Amino acid sequence: MTGPRDLPRSLTHPRPAHLVLRGGTVFSGWAVGAEVVIEGEVVFNTSMTGYQEMLTDPSYHGQILTLTTSHVGQVGVNPEDAESNRIWARALIVQDLDFEPSSWRSDGGAEAWLSERGLAVGWGFDTRSIVRHVRTAGAVPGILVTDGTAPEELIGRAAEARGTDGIDLAREVACTEAYDWNEGPWASPSHPLERGPDTDRPAVAVVDFGVKRSILRRLVGEGFAVRVVPPGVTVDELCGGRYAGVLLSNGPGDPAAVGGAADLISRLIGEIPILGICMGCQLLGLALGGRTVKLPFGHHGGNHPVRDLSSGRVLVTSQNHNYVVEESSLPREVEVTHINLTDGTLEGLALPRAGVEAVQFHPEASPGPNDSLGLFTRFAERCREAAS
């Protein structure tokens, strides 16, 4: 059992928290927020900031998120950085939680925001030890306990905890009714983004498997009229002439478990330009006849190097996924466009004759670098060309 770090002076009546992993390892710290016993798959993210974006990203549904950065909460929270209308991560574990925000964009403190939304937060944890364990054991299920239950009582339950394999989590986070999205990317008041006229804006359909709002904002910024549709949408609805292109969104969990998605996508290929992002890339791989496999501990962070094979350029990318398309399983006509320079896994694929492109990383970032924003521009060009 690993003990908590020194207690910050700001808390005079601390509550203990424990992370009990499948296999019996226990880490300890302090708790704020909800008093619960909560299960989830433990993953870690290496981004230096962006905790609000991560927690509200539907792709973290089913997971206990551990952040490797030393301080969390220092920039507070604000409405513009939310990636959905709620927190999706099961719980949060950090080394240090700052209670007083210091950012001009802040609309409140992170601790109050987390507590109001009922999230269990473990802090004062030795996050380096947690990361070392996950890197060795893989993405392991665990239990965060913040209600005073003794961790010894949960060893047996942790042994039976499930991860995300074989579970269609996308259906749990996706919309059930279509809606329009009109907000563009956030910009500094001193450097506002210019937006073109609202007339003659080609329509794009975003198939929602757990879409981030920053993806929708980027599409608006590229001049699209954006319509978000549920994963149960039909081919006829998408290819009836209303849309210039289709974007397949990110989402949580096992892509092979998302019922009906691969069949829908296989029928779209060649009928309309397609861009896939993260889970959208995995689902495209399945639709093209490939296989998806689970990575040992996934890619989660804003500093992952990816090589663009067409130009040789190295992109620093934002990533958040546990599964990946197995390159050797793809048909010969599928072009591999991007490769991860850390482990050699597939990061992009294309079928140029059909107007199909997909990337495993997040070109919209949020959080992360903007090296790959050009993918949205390229998608817009394909859509306009196909519509002309």
# chains A, B, ... in the order shown; residues from 1 in each chain; ligands from 1

call {"tool": "select_by_dssp", "arguments": {"residues": "region 294-385 of chain A", "states": "strand (DSSP E or B)", "output": "ChimeraX atom specification"}}
result
/A:294-308,314-325,335-340,346-351,356-359,362

call {"tool": "write_last_selection", "arguments": {"atoms": "N, CA and C atoms", "output": "short mmCIF file (atom, residue, chain, number, x, y, z; two decimals), in the first residue's frame"}}
result
data_model
loop_
_atom_site.label_atom_id
_atom_site.label_comp_id
_atom_site.auth_asym_id
_atom_site.auth_seq_id
_atom_site.Cartn_x
_atom_site.Cartn_y
_atom_site.Cartn_z
N LYS A 294 -6.58 -3.87 -28.48
CA LYS A 294 -6.40 -2.98 -27.34
C LYS A 294 -4.92 -2.79 -27.04
N LEU A 295 -4.53 -1.52 -26.85
CA LEU A 295 -3.16 -1.21 -26.49
C LEU A 295 -2.92 -1.55 -25.02
N PRO A 296 -1.68 -1.77 -24.63
CA PRO A 296 -1.41 -2.15 -23.23
C PRO A 296 -1.93 -1.13 -22.22
N PHE A 297 -1.67 0.16 -22.45
CA PHE A 297 -2.18 1.18 -21.54
C PHE A 297 -2.67 2.42 -22.27
N GLY A 298 -2.86 2.31 -23.56
CA GLY A 298 -3.47 3.38 -24.33
C GLY A 298 -2.58 4.57 -24.56
N HIS A 299 -3.10 5.51 -25.34
CA HIS A 299 -2.44 6.78 -25.62
C HIS A 299 -3.34 7.89 -25.09
N HIS A 300 -2.88 8.59 -24.08
CA HIS A 300 -3.67 9.67 -23.49
C HIS A 300 -2.73 10.82 -23.16
N GLY A 301 -2.82 11.90 -23.90
CA GLY A 301 -1.95 13.04 -23.63
C GLY A 301 -1.85 13.98 -24.80
N GLY A 302 -1.11 15.07 -24.62
CA GLY A 302 -1.01 16.10 -25.65
C GLY A 302 0.37 16.23 -26.25
N ASN A 303 1.18 15.16 -26.17
CA ASN A 303 2.57 15.26 -26.64
C ASN A 303 3.01 14.03 -27.42
N HIS A 304 2.12 13.42 -28.17
CA HIS A 304 2.43 12.18 -28.89
C HIS A 304 2.93 12.49 -30.30
N PRO A 305 4.16 12.06 -30.65
CA PRO A 305 4.69 12.33 -31.98
C PRO A 305 4.14 11.37 -33.03
N VAL A 306 3.68 11.94 -34.14
CA VAL A 306 3.09 11.15 -35.23
C VAL A 306 3.72 11.62 -36.54
N ARG A 307 4.14 10.67 -37.36
CA ARG A 307 4.71 11.03 -38.66
C ARG A 307 3.64 10.97 -39.74
N ASP A 308 3.52 12.08 -40.49
CA ASP A 308 2.68 12.12 -41.70
C ASP A 308 3.51 11.52 -42.82
N VAL A 314 6.66 15.58 -38.83
CA VAL A 314 6.28 15.01 -37.55
C VAL A 314 5.31 15.97 -36.85
N LEU A 315 4.15 15.47 -36.51
CA LEU A 315 3.14 16.24 -35.80
C LEU A 315 3.17 15.88 -34.33
N VAL A 316 3.07 16.87 -33.47
CA VAL A 316 2.86 16.61 -32.05
C VAL A 316 1.36 16.65 -31.83
N THR A 317 0.80 15.56 -31.34
CA THR A 317 -0.65 15.38 -31.37
C THR A 317 -1.25 15.15 -29.98
N SER A 318 -2.55 15.43 -29.91
CA SER A 318 -3.35 15.12 -28.73
C SER A 318 -4.04 13.78 -28.97
N GLN A 319 -3.99 12.89 -27.97
CA GLN A 319 -4.55 11.56 -28.15
C GLN A 319 -5.33 11.12 -26.92
N ASN A 320 -6.30 10.26 -27.17
CA ASN A 320 -7.10 9.69 -26.08
C ASN A 320 -7.79 8.43 -26.58
N HIS A 321 -7.09 7.32 -26.53
CA HIS A 321 -7.70 6.06 -26.99
C HIS A 321 -6.98 4.87 -26.39
N ASN A 322 -7.73 3.79 -26.21
CA ASN A 322 -7.17 2.53 -25.73
C ASN A 322 -7.10 1.47 -26.81
N TYR A 323 -7.80 1.70 -27.93
CA TYR A 323 -7.85 0.72 -29.01
C TYR A 323 -7.25 1.33 -30.27
N VAL A 324 -6.83 0.46 -31.18
CA VAL A 324 -6.19 0.92 -32.41
C VAL A 324 -6.47 -0.09 -33.51
N VAL A 325 -6.47 0.40 -34.76
CA VAL A 325 -6.63 -0.49 -35.91
C VAL A 325 -5.31 -1.23 -36.15
N GLU A 335 -4.71 2.93 -47.68
CA GLU A 335 -3.42 3.60 -47.53
C GLU A 335 -3.20 4.00 -46.06
N VAL A 336 -2.08 3.61 -45.51
CA VAL A 336 -1.70 4.06 -44.16
C VAL A 336 -1.05 5.43 -44.30
N THR A 337 -1.58 6.43 -43.61
CA THR A 337 -1.13 7.81 -43.79
C THR A 337 -0.30 8.35 -42.64
N HIS A 338 -0.50 7.83 -41.43
CA HIS A 338 0.20 8.34 -40.25
C HIS A 338 0.61 7.17 -39.36
N ILE A 339 1.79 7.32 -38.72
CA ILE A 339 2.32 6.29 -37.84
C ILE A 339 2.77 6.95 -36.53
N ASN A 340 2.48 6.29 -35.41
CA ASN A 340 2.93 6.78 -34.11
C ASN A 340 4.41 6.47 -33.96
N LEU A 346 -0.70 2.35 -35.91
CA LEU A 346 -1.36 3.11 -36.97
C LEU A 346 -2.05 4.34 -36.39
N GLU A 347 -1.83 5.49 -37.03
CA GLU A 347 -2.43 6.75 -36.59
C GLU A 347 -3.27 7.42 -37.67
N GLY A 348 -3.32 6.83 -38.85
CA GLY A 348 -4.15 7.42 -39.91
C GLY A 348 -4.28 6.48 -41.08
N LEU A 349 -5.42 6.53 -41.75
CA LEU A 349 -5.64 5.70 -42.93
C LEU A 349 -6.48 6.49 -43.93
N ALA A 350 -6.44 6.05 -45.17
CA ALA A 350 -7.20 6.75 -46.21
C ALA A 350 -7.57 5.78 -47.32
N LEU A 351 -8.64 6.11 -48.01
CA LEU A 351 -9.05 5.44 -49.24
C LEU A 351 -9.33 6.58 -50.22
N VAL A 356 -12.17 9.12 -48.49
CA VAL A 356 -12.19 8.71 -47.09
C VAL A 356 -10.84 8.99 -46.44
N GLU A 357 -10.86 9.61 -45.28
CA GLU A 357 -9.65 9.83 -44.50
C GLU A 357 -10.01 9.71 -43.02
N ALA A 358 -9.06 9.19 -42.23
CA ALA A 358 -9.30 9.06 -40.79
C ALA A 358 -7.98 9.14 -40.05
N VAL A 359 -8.04 9.70 -38.85
CA VAL A 359 -6.86 9.77 -37.99
C VAL A 359 -7.21 9.27 -36.60
N HIS A 362 -6.36 13.38 -32.21
CA HIS A 362 -7.40 14.42 -32.19
C HIS A 362 -6.88 15.70 -32.83
#

call {"tool": "residues_around", "arguments": {"residues": "region 212-229 of chain A", "least_positions_apart": "6", "cutoff": "6 Å", "atoms": "only C-alpha atoms", "output": "VMD selection string"}}
result
chain A and resid 83 178 to 181 183 to 185 201 to 206 364

call {"tool": "write_last_selection", "arguments": {"atoms": "N, CA and C atoms", "output": "mmCIF file, in the first residue's frame"}}
result
data_model
loop_
_atom_site.group_PDB
_atom_site.id
_atom_site.type_symbol
_atom_site.label_atom_id
_atom_site.label_comp_id
_atom_site.auth_asym_id
_atom_site.auth_seq_id
_atom_site.Cartn_x
_atom_site.Cartn_y
_atom_site.Cartn_z
ATOM 1 N N GLU A 83 -16.403 20.183 -23.033
ATOM 2 C CA GLU A 83 -16.546 19.400 -24.268
ATOM 3 C C GLU A 83 -17.901 18.713 -24.378
ATOM 4 N N ALA A 178 -31.234 14.236 -33.390
ATOM 5 C CA ALA A 178 -30.332 15.117 -34.131
ATOM 6 C C ALA A 178 -30.494 16.567 -33.663
ATOM 7 N N TYR A 179 -29.410 17.333 -33.768
ATOM 8 C CA TYR A 179 -29.465 18.755 -33.433
ATOM 9 C C TYR A 179 -28.437 19.514 -34.261
ATOM 10 N N ASP A 180 -28.641 20.819 -34.400
ATOM 11 C CA ASP A 180 -27.719 21.686 -35.128
ATOM 12 C C ASP A 180 -26.725 22.313 -34.154
ATOM 13 N N TRP A 181 -25.509 22.546 -34.652
ATOM 14 C CA TRP A 181 -24.472 23.213 -33.862
ATOM 15 C C TRP A 181 -23.968 24.428 -34.636
ATOM 16 N N GLU A 183 -21.841 27.142 -32.959
ATOM 17 C CA GLU A 183 -20.745 27.885 -32.336
ATOM 18 C C GLU A 183 -19.410 27.544 -32.982
ATOM 19 N N GLY A 184 -18.619 28.596 -33.262
ATOM 20 C CA GLY A 184 -17.287 28.410 -33.822
ATOM 21 C C GLY A 184 -16.230 28.293 -32.734
ATOM 22 N N PRO A 185 -14.954 28.190 -33.119
ATOM 23 C CA PRO A 185 -13.874 28.057 -32.137
ATOM 24 C C PRO A 185 -13.772 29.279 -31.236
ATOM 25 N N ARG A 201 -23.310 27.784 -46.879
ATOM 26 C CA ARG A 201 -22.477 26.971 -45.992
ATOM 27 C C ARG A 201 -22.855 25.503 -46.195
ATOM 28 N N PRO A 202 -21.973 24.691 -46.786
ATOM 29 C CA PRO A 202 -22.317 23.283 -47.024
ATOM 30 C C PRO A 202 -22.597 22.566 -45.708
ATOM 31 N N ALA A 203 -23.547 21.661 -45.738
ATOM 32 C CA ALA A 203 -23.940 20.936 -44.532
ATOM 33 C C ALA A 203 -23.074 19.687 -44.361
ATOM 34 N N VAL A 204 -22.676 19.423 -43.124
ATOM 35 C CA VAL A 204 -21.949 18.204 -42.801
ATOM 36 C C VAL A 204 -22.673 17.517 -41.657
ATOM 37 N N ALA A 205 -22.771 16.183 -41.752
ATOM 38 C CA ALA A 205 -23.380 15.385 -40.689
ATOM 39 C C ALA A 205 -22.281 14.805 -39.811
ATOM 40 N N VAL A 206 -22.420 14.968 -38.511
ATOM 41 C CA VAL A 206 -21.485 14.384 -37.550
ATOM 42 C C VAL A 206 -22.194 13.217 -36.866
ATOM 43 N N GLU A 364 -8.371 18.394 -33.433
ATOM 44 C CA GLU A 364 -8.924 19.584 -32.778
ATOM 45 C C GLU A 364 -8.222 19.886 -31.460
#

call {"tool": "residues_around", "arguments": {"residues": "region 259-262 of chain A", "least_positions_apart": "4", "cutoff": "10 Å", "atoms": "only C-alpha atoms", "output": "PDB file with C-alpha atoms, in the first residue's frame"}}
result
ATOM      1  CA  ILE A 167     -19.022  -2.913 -23.921  1.00  0.00           C
ATOM      2  CA  ASP A 168     -20.848  -0.495 -26.231  1.00  0.00           C
ATOM      3  CA  ALA A 170     -20.757   4.879 -27.287  1.00  0.00           C
ATOM      4  CA  ARG A 171     -24.516   4.305 -27.166  1.00  0.00           C
ATOM      5  CA  VAL A 207     -22.328  10.835 -36.496  1.00  0.00           C
ATOM      6  CA  PHE A 209     -20.353   8.251 -30.908  1.00  0.00           C
ATOM      7  CA  PRO A 231     -25.398   6.540 -34.318  1.00  0.00           C
ATOM      8  CA  GLY A 232     -28.648   4.910 -35.413  1.00  0.00           C
ATOM      9  CA  VAL A 233     -28.917   7.220 -38.432  1.00  0.00           C
ATOM     10  CA  LEU A 248     -17.399   9.991 -37.677  1.00  0.00           C
ATOM     11  CA  PRO A 255     -15.109  -0.005 -31.162  1.00  0.00           C
ATOM     12  CA  SER A 266     -19.245   0.336 -45.099  1.00  0.00           C
ATOM     13  CA  ARG A 267     -22.363   1.428 -46.981  1.00  0.00           C
ATOM     14  CA  LEU A 268     -21.304   5.084 -46.843  1.00  0.00           C
ATOM     15  CA  GLY A 280     -14.269   7.146 -36.017  1.00  0.00           C
ATOM     16  CA  GLN A 282     -11.289   2.584 -35.604  1.00  0.00           C
ATOM     17  CA  LEU A 283     -14.828   2.115 -36.913  1.00  0.00           C
ATOM     18  CA  LEU A 284     -13.670   2.944 -40.437  1.00  0.00           C
ATOM     19  CA  GLY A 285     -10.948   0.332 -40.087  1.00  0.00           C
ATOM     20  CA  LEU A 286     -13.551  -2.245 -39.090  1.00  0.00           C
ATOM     21  CA  ALA A 287     -15.823  -1.228 -41.973  1.00  0.00           C
ATOM     22  CA  LEU A 288     -12.926  -1.691 -44.406  1.00  0.00           C
ATOM     23  CA  GLY A 289     -12.366  -5.246 -43.187  1.00  0.00           C
TER      24      GLY A 289
END

call {"tool": "select_by_dssp", "arguments": {"residues": "region 60-189 of chain A", "states": "helix (DSSP H, G or I)", "output": "PyMOL selection string"}}
result
chain A and resi 60+79-81+110-116+127-137+151-160+170-173

call {"tool": "write_last_selection", "arguments": {"atoms": "N, CA and C atoms", "output": "compact mmCIF listing (two decimals), in the first residue's frame"}}
result
# COMPACT_ATOMS: atom_id res chain seq x y z
N TYR A 60 -13.99 9.56 -22.09
CA TYR A 60 -13.53 9.07 -20.80
C TYR A 60 -14.61 8.35 -20.01
N PRO A 79 -17.19 28.08 -19.02
CA PRO A 79 -18.14 27.39 -19.90
C PRO A 79 -17.56 27.05 -21.27
N GLU A 80 -16.63 27.87 -21.77
CA GLU A 80 -16.13 27.67 -23.12
C GLU A 80 -15.30 26.40 -23.28
N ASP A 81 -14.69 25.92 -22.20
CA ASP A 81 -13.81 24.76 -22.31
C ASP A 81 -14.51 23.42 -22.08
N ALA A 110 -12.01 24.94 -9.55
CA ALA A 110 -12.18 23.55 -9.99
C ALA A 110 -12.79 22.68 -8.89
N GLU A 111 -12.37 22.88 -7.62
CA GLU A 111 -12.85 22.02 -6.55
C GLU A 111 -14.37 22.17 -6.37
N ALA A 112 -14.87 23.41 -6.38
CA ALA A 112 -16.31 23.63 -6.24
C ALA A 112 -17.06 23.05 -7.43
N TRP A 113 -16.50 23.24 -8.62
CA TRP A 113 -17.13 22.73 -9.85
C TRP A 113 -17.23 21.21 -9.80
N LEU A 114 -16.17 20.55 -9.36
CA LEU A 114 -16.17 19.09 -9.27
C LEU A 114 -17.16 18.61 -8.22
N SER A 115 -17.18 19.28 -7.06
CA SER A 115 -18.08 18.86 -5.98
C SER A 115 -19.54 19.05 -6.37
N GLU A 116 -19.85 20.17 -7.04
CA GLU A 116 -21.23 20.43 -7.45
C GLU A 116 -21.74 19.37 -8.42
N THR A 127 0.95 9.87 -7.87
CA THR A 127 0.52 9.55 -9.23
C THR A 127 1.64 8.91 -10.05
N ARG A 128 2.89 9.21 -9.71
CA ARG A 128 3.99 8.56 -10.43
C ARG A 128 3.95 7.05 -10.22
N SER A 129 3.68 6.63 -9.00
CA SER A 129 3.60 5.19 -8.72
C SER A 129 2.42 4.55 -9.44
N ILE A 130 1.29 5.27 -9.51
CA ILE A 130 0.13 4.74 -10.22
C ILE A 130 0.46 4.55 -11.70
N VAL A 131 1.11 5.55 -12.29
CA VAL A 131 1.47 5.46 -13.71
C VAL A 131 2.44 4.30 -13.96
N ARG A 132 3.42 4.16 -13.11
CA ARG A 132 4.37 3.05 -13.27
C ARG A 132 3.65 1.70 -13.20
N HIS A 133 2.67 1.60 -12.31
CA HIS A 133 1.93 0.35 -12.19
C HIS A 133 1.11 0.08 -13.45
N VAL A 134 0.40 1.12 -13.95
CA VAL A 134 -0.43 0.93 -15.14
C VAL A 134 0.43 0.62 -16.36
N ARG A 135 1.59 1.25 -16.48
CA ARG A 135 2.48 0.96 -17.61
C ARG A 135 2.96 -0.49 -17.58
N THR A 136 3.07 -1.06 -16.38
CA THR A 136 3.51 -2.45 -16.25
C THR A 136 2.36 -3.43 -16.39
N ALA A 137 1.26 -3.14 -15.72
CA ALA A 137 0.13 -4.08 -15.68
C ALA A 137 -0.86 -3.87 -16.81
N PRO A 151 -10.17 -0.17 2.45
CA PRO A 151 -9.78 -0.75 1.16
C PRO A 151 -9.70 -2.26 1.18
N GLU A 152 -9.37 -2.85 2.34
CA GLU A 152 -9.28 -4.31 2.43
C GLU A 152 -10.60 -4.99 2.11
N GLU A 153 -11.71 -4.28 2.36
CA GLU A 153 -13.02 -4.85 2.09
C GLU A 153 -13.34 -4.90 0.60
N LEU A 154 -12.54 -4.21 -0.22
CA LEU A 154 -12.85 -4.10 -1.65
C LEU A 154 -11.90 -4.89 -2.54
N ILE A 155 -10.97 -5.62 -1.95
CA ILE A 155 -10.02 -6.39 -2.76
C ILE A 155 -10.75 -7.40 -3.63
N GLY A 156 -11.71 -8.10 -3.06
CA GLY A 156 -12.46 -9.09 -3.82
C GLY A 156 -13.28 -8.46 -4.93
N ARG A 157 -13.93 -7.33 -4.61
CA ARG A 157 -14.73 -6.65 -5.64
C ARG A 157 -13.84 -6.14 -6.77
N ALA A 158 -12.65 -5.62 -6.42
CA ALA A 158 -11.74 -5.13 -7.45
C ALA A 158 -11.29 -6.25 -8.37
N ALA A 159 -11.15 -7.45 -7.82
CA ALA A 159 -10.74 -8.60 -8.64
C ALA A 159 -11.76 -8.92 -9.72
N GLU A 160 -13.03 -8.57 -9.49
CA GLU A 160 -14.10 -8.85 -10.45
C GLU A 160 -14.45 -7.64 -11.30
N ALA A 170 -20.40 3.77 -26.40
CA ALA A 170 -20.76 4.88 -27.29
C ALA A 170 -22.26 5.16 -27.25
N ARG A 171 -23.06 4.12 -27.19
CA ARG A 171 -24.52 4.30 -27.17
C ARG A 171 -24.97 5.01 -25.89
N GLU A 172 -24.15 4.92 -24.84
CA GLU A 172 -24.51 5.55 -23.57
C GLU A 172 -24.22 7.04 -23.54
N VAL A 173 -23.35 7.51 -24.44
CA VAL A 173 -22.98 8.93 -24.43
C VAL A 173 -23.52 9.69 -25.63

call {"tool": "atom_distance", "arguments": {"atom1": "CA of Tyr243 (chain A)", "atom2": "CA of Val334 (chain A)"}}
result
24.5 Å

call {"tool": "residues_around", "arguments": {"residues": "Gly241 (chain A)", "least_positions_apart": "5", "cutoff": "10 Å", "atoms": "only C-alpha atoms", "output": "list in words"}}
result
Ala203, Asp236, Ile272 and Ala387 of chain A

call {"tool": "closest_residue", "arguments": {"among": "A:Ala380, A:Val94, A:Ala386, A:Leu373", "to": "Ile64 (chain A)", "atoms": "only C-alpha atoms"}}
result
A:Val94

call {"tool": "residues_around", "arguments": {"residues": "region 53-56 of chain A", "least_positions_apart": "5", "cutoff": "9 Å", "atoms": "only C-alpha atoms", "output": "NGL selection string"}}
result
:A and (45 or 61 or 65 or 81-92 or 212 or 366-367)

call {"tool": "closest_atom_pairs", "arguments": {"of": "region 113-231 of chain A", "to": "region 20-43 of chain A", "cutoff": "7 Å", "atoms": "only C-alpha atoms", "output": "JSON lines"}}
result
{"residue": "A:Leu114", "atom": "CA", "partner": "A:Gly33", "partner_atom": "CA", "distance": 6.4}
{"residue": "A:Ser115", "atom": "CA", "partner": "A:Gly33", "partner_atom": "CA", "distance": 4.2}
{"residue": "A:Gly118", "atom": "CA", "partner": "A:Ala34", "partner_atom": "CA", "distance": 5.1}
{"residue": "A:Leu119", "atom": "CA", "partner": "A:Ala34", "partner_atom": "CA", "distance": 5.5}
{"residue": "A:Ala120", "atom": "CA", "partner": "A:Ala34", "partner_atom": "CA", "distance": 4.6}
{"residue": "A:Val121", "atom": "CA", "partner": "A:Val32", "partner_atom": "CA", "distance": 5.4}
{"residue": "A:Gly122", "atom": "CA", "partner": "A:Ala31", "partner_atom": "CA", "distance": 4.7}
{"residue": "A:Trp123", "atom": "CA", "partner": "A:Trp30", "partner_atom": "CA", "distance": 5.2}
{"residue": "A:Gly124", "atom": "CA", "partner": "A:Gly29", "partner_atom": "CA", "distance": 4.9}
{"residue": "A:Phe125", "atom": "CA", "partner": "A:Gly29", "partner_atom": "CA", "distance": 4.7}
{"residue": "A:Ala139", "atom": "CA", "partner": "A:Val42", "partner_atom": "CA", "distance": 5.9}
{"residue": "A:Val140", "atom": "CA", "partner": "A:Glu41", "partner_atom": "CA", "distance": 5.7}
{"residue": "A:Pro141", "atom": "CA", "partner": "A:Glu41", "partner_atom": "CA", "distance": 4.1}
{"residue": "A:Gly142", "atom": "CA", "partner": "A:Leu21", "partner_atom": "CA", "distance": 4.1}
{"residue": "A:Ile143", "atom": "CA", "partner": "A:Glu39", "partner_atom": "CA", "distance": 4.4}
{"residue": "A:Leu144", "atom": "CA", "partner": "A:Ile38", "partner_atom": "CA", "distance": 5.4}
{"residue": "A:Val145", "atom": "CA", "partner": "A:Val37", "partner_atom": "CA", "distance": 4.4}
{"residue": "A:Thr146", "atom": "CA", "partner": "A:Glu35", "partner_atom": "CA", "distance": 4.9}
{"residue": "A:Asp147", "atom": "CA", "partner": "A:Glu35", "partner_atom": "CA", "distance": 4.3}
{"residue": "A:Pro151", "atom": "CA", "partner": "A:Val20", "partner_atom": "CA", "distance": 6.6}
{"residue": "A:Ile155", "atom": "CA", "partner": "A:Gly24", "partner_atom": "CA", "distance": 5.7}
{"residue": "A:Ala158", "atom": "CA", "partner": "A:Arg22", "partner_atom": "CA", "distance": 4.8}
{"residue": "A:Ala159", "atom": "CA", "partner": "A:Arg22", "partner_atom": "CA", "distance": 4.6}
{"residue": "A:Ala161", "atom": "CA", "partner": "A:Glu39", "partner_atom": "CA", "distance": 6.9}
{"residue": "A:Gly163", "atom": "CA", "partner": "A:Glu41", "partner_atom": "CA", "distance": 5.1}
{"residue": "A:Thr164", "atom": "CA", "partner": "A:Glu41", "partner_atom": "CA", "distance": 7.0}

call {"tool": "write_last_selection", "arguments": {"atoms": "C-alpha atoms", "output": "short mmCIF file (atom, residue, chain, number, x, y, z; two decimals), in the first residue's frame"}}
result
data_model
loop_
_atom_site.label_atom_id
_atom_site.label_comp_id
_atom_site.auth_asym_id
_atom_site.auth_seq_id
_atom_site.Cartn_x
_atom_site.Cartn_y
_atom_site.Cartn_z
CA LEU A 114 -16.17 19.09 -9.27
CA SER A 115 -18.08 18.86 -5.98
CA GLY A 118 -20.81 14.91 -7.76
CA LEU A 119 -17.44 13.69 -9.00
CA ALA A 120 -15.24 11.70 -6.65
CA VAL A 121 -11.74 13.19 -6.60
CA GLY A 122 -8.69 11.60 -5.02
CA TRP A 123 -5.75 13.93 -4.45
CA GLY A 124 -2.45 13.82 -2.63
CA PHE A 125 -1.87 10.48 -4.41
CA ALA A 139 -5.07 -0.50 -18.37
CA VAL A 140 -6.39 -2.19 -15.26
CA PRO A 141 -9.86 -1.88 -13.68
CA GLY A 142 -10.00 -0.50 -10.19
CA ILE A 143 -12.14 1.10 -7.50
CA LEU A 144 -11.81 4.56 -6.00
CA VAL A 145 -13.28 4.68 -2.50
CA THR A 146 -13.95 8.04 -0.82
CA ASP A 147 -16.74 7.15 1.64
CA PRO A 151 -9.78 -0.75 1.16
CA ILE A 155 -10.02 -6.39 -2.76
CA ALA A 158 -11.74 -5.13 -7.45
CA ALA A 159 -10.74 -8.60 -8.64
CA ALA A 161 -14.13 -5.26 -11.81
CA GLY A 163 -12.74 -2.75 -17.98
CA THR A 164 -14.17 -1.42 -21.26
#

call {"tool": "closest_residue", "arguments": {"among": "A:Gly374, A:Pro230, A:Gly62, A:Pro252", "to": "Glu177 (chain A)", "atoms": "only C-alpha atoms"}}
result
A:Pro230

call {"tool": "closest_residue", "arguments": {"among": "A:Gly166, A:Pro273, A:Gly253, A:Gly240", "to": "Gln63 (chain A)", "atoms": "only C-alpha atoms"}}
result
A:Gly253
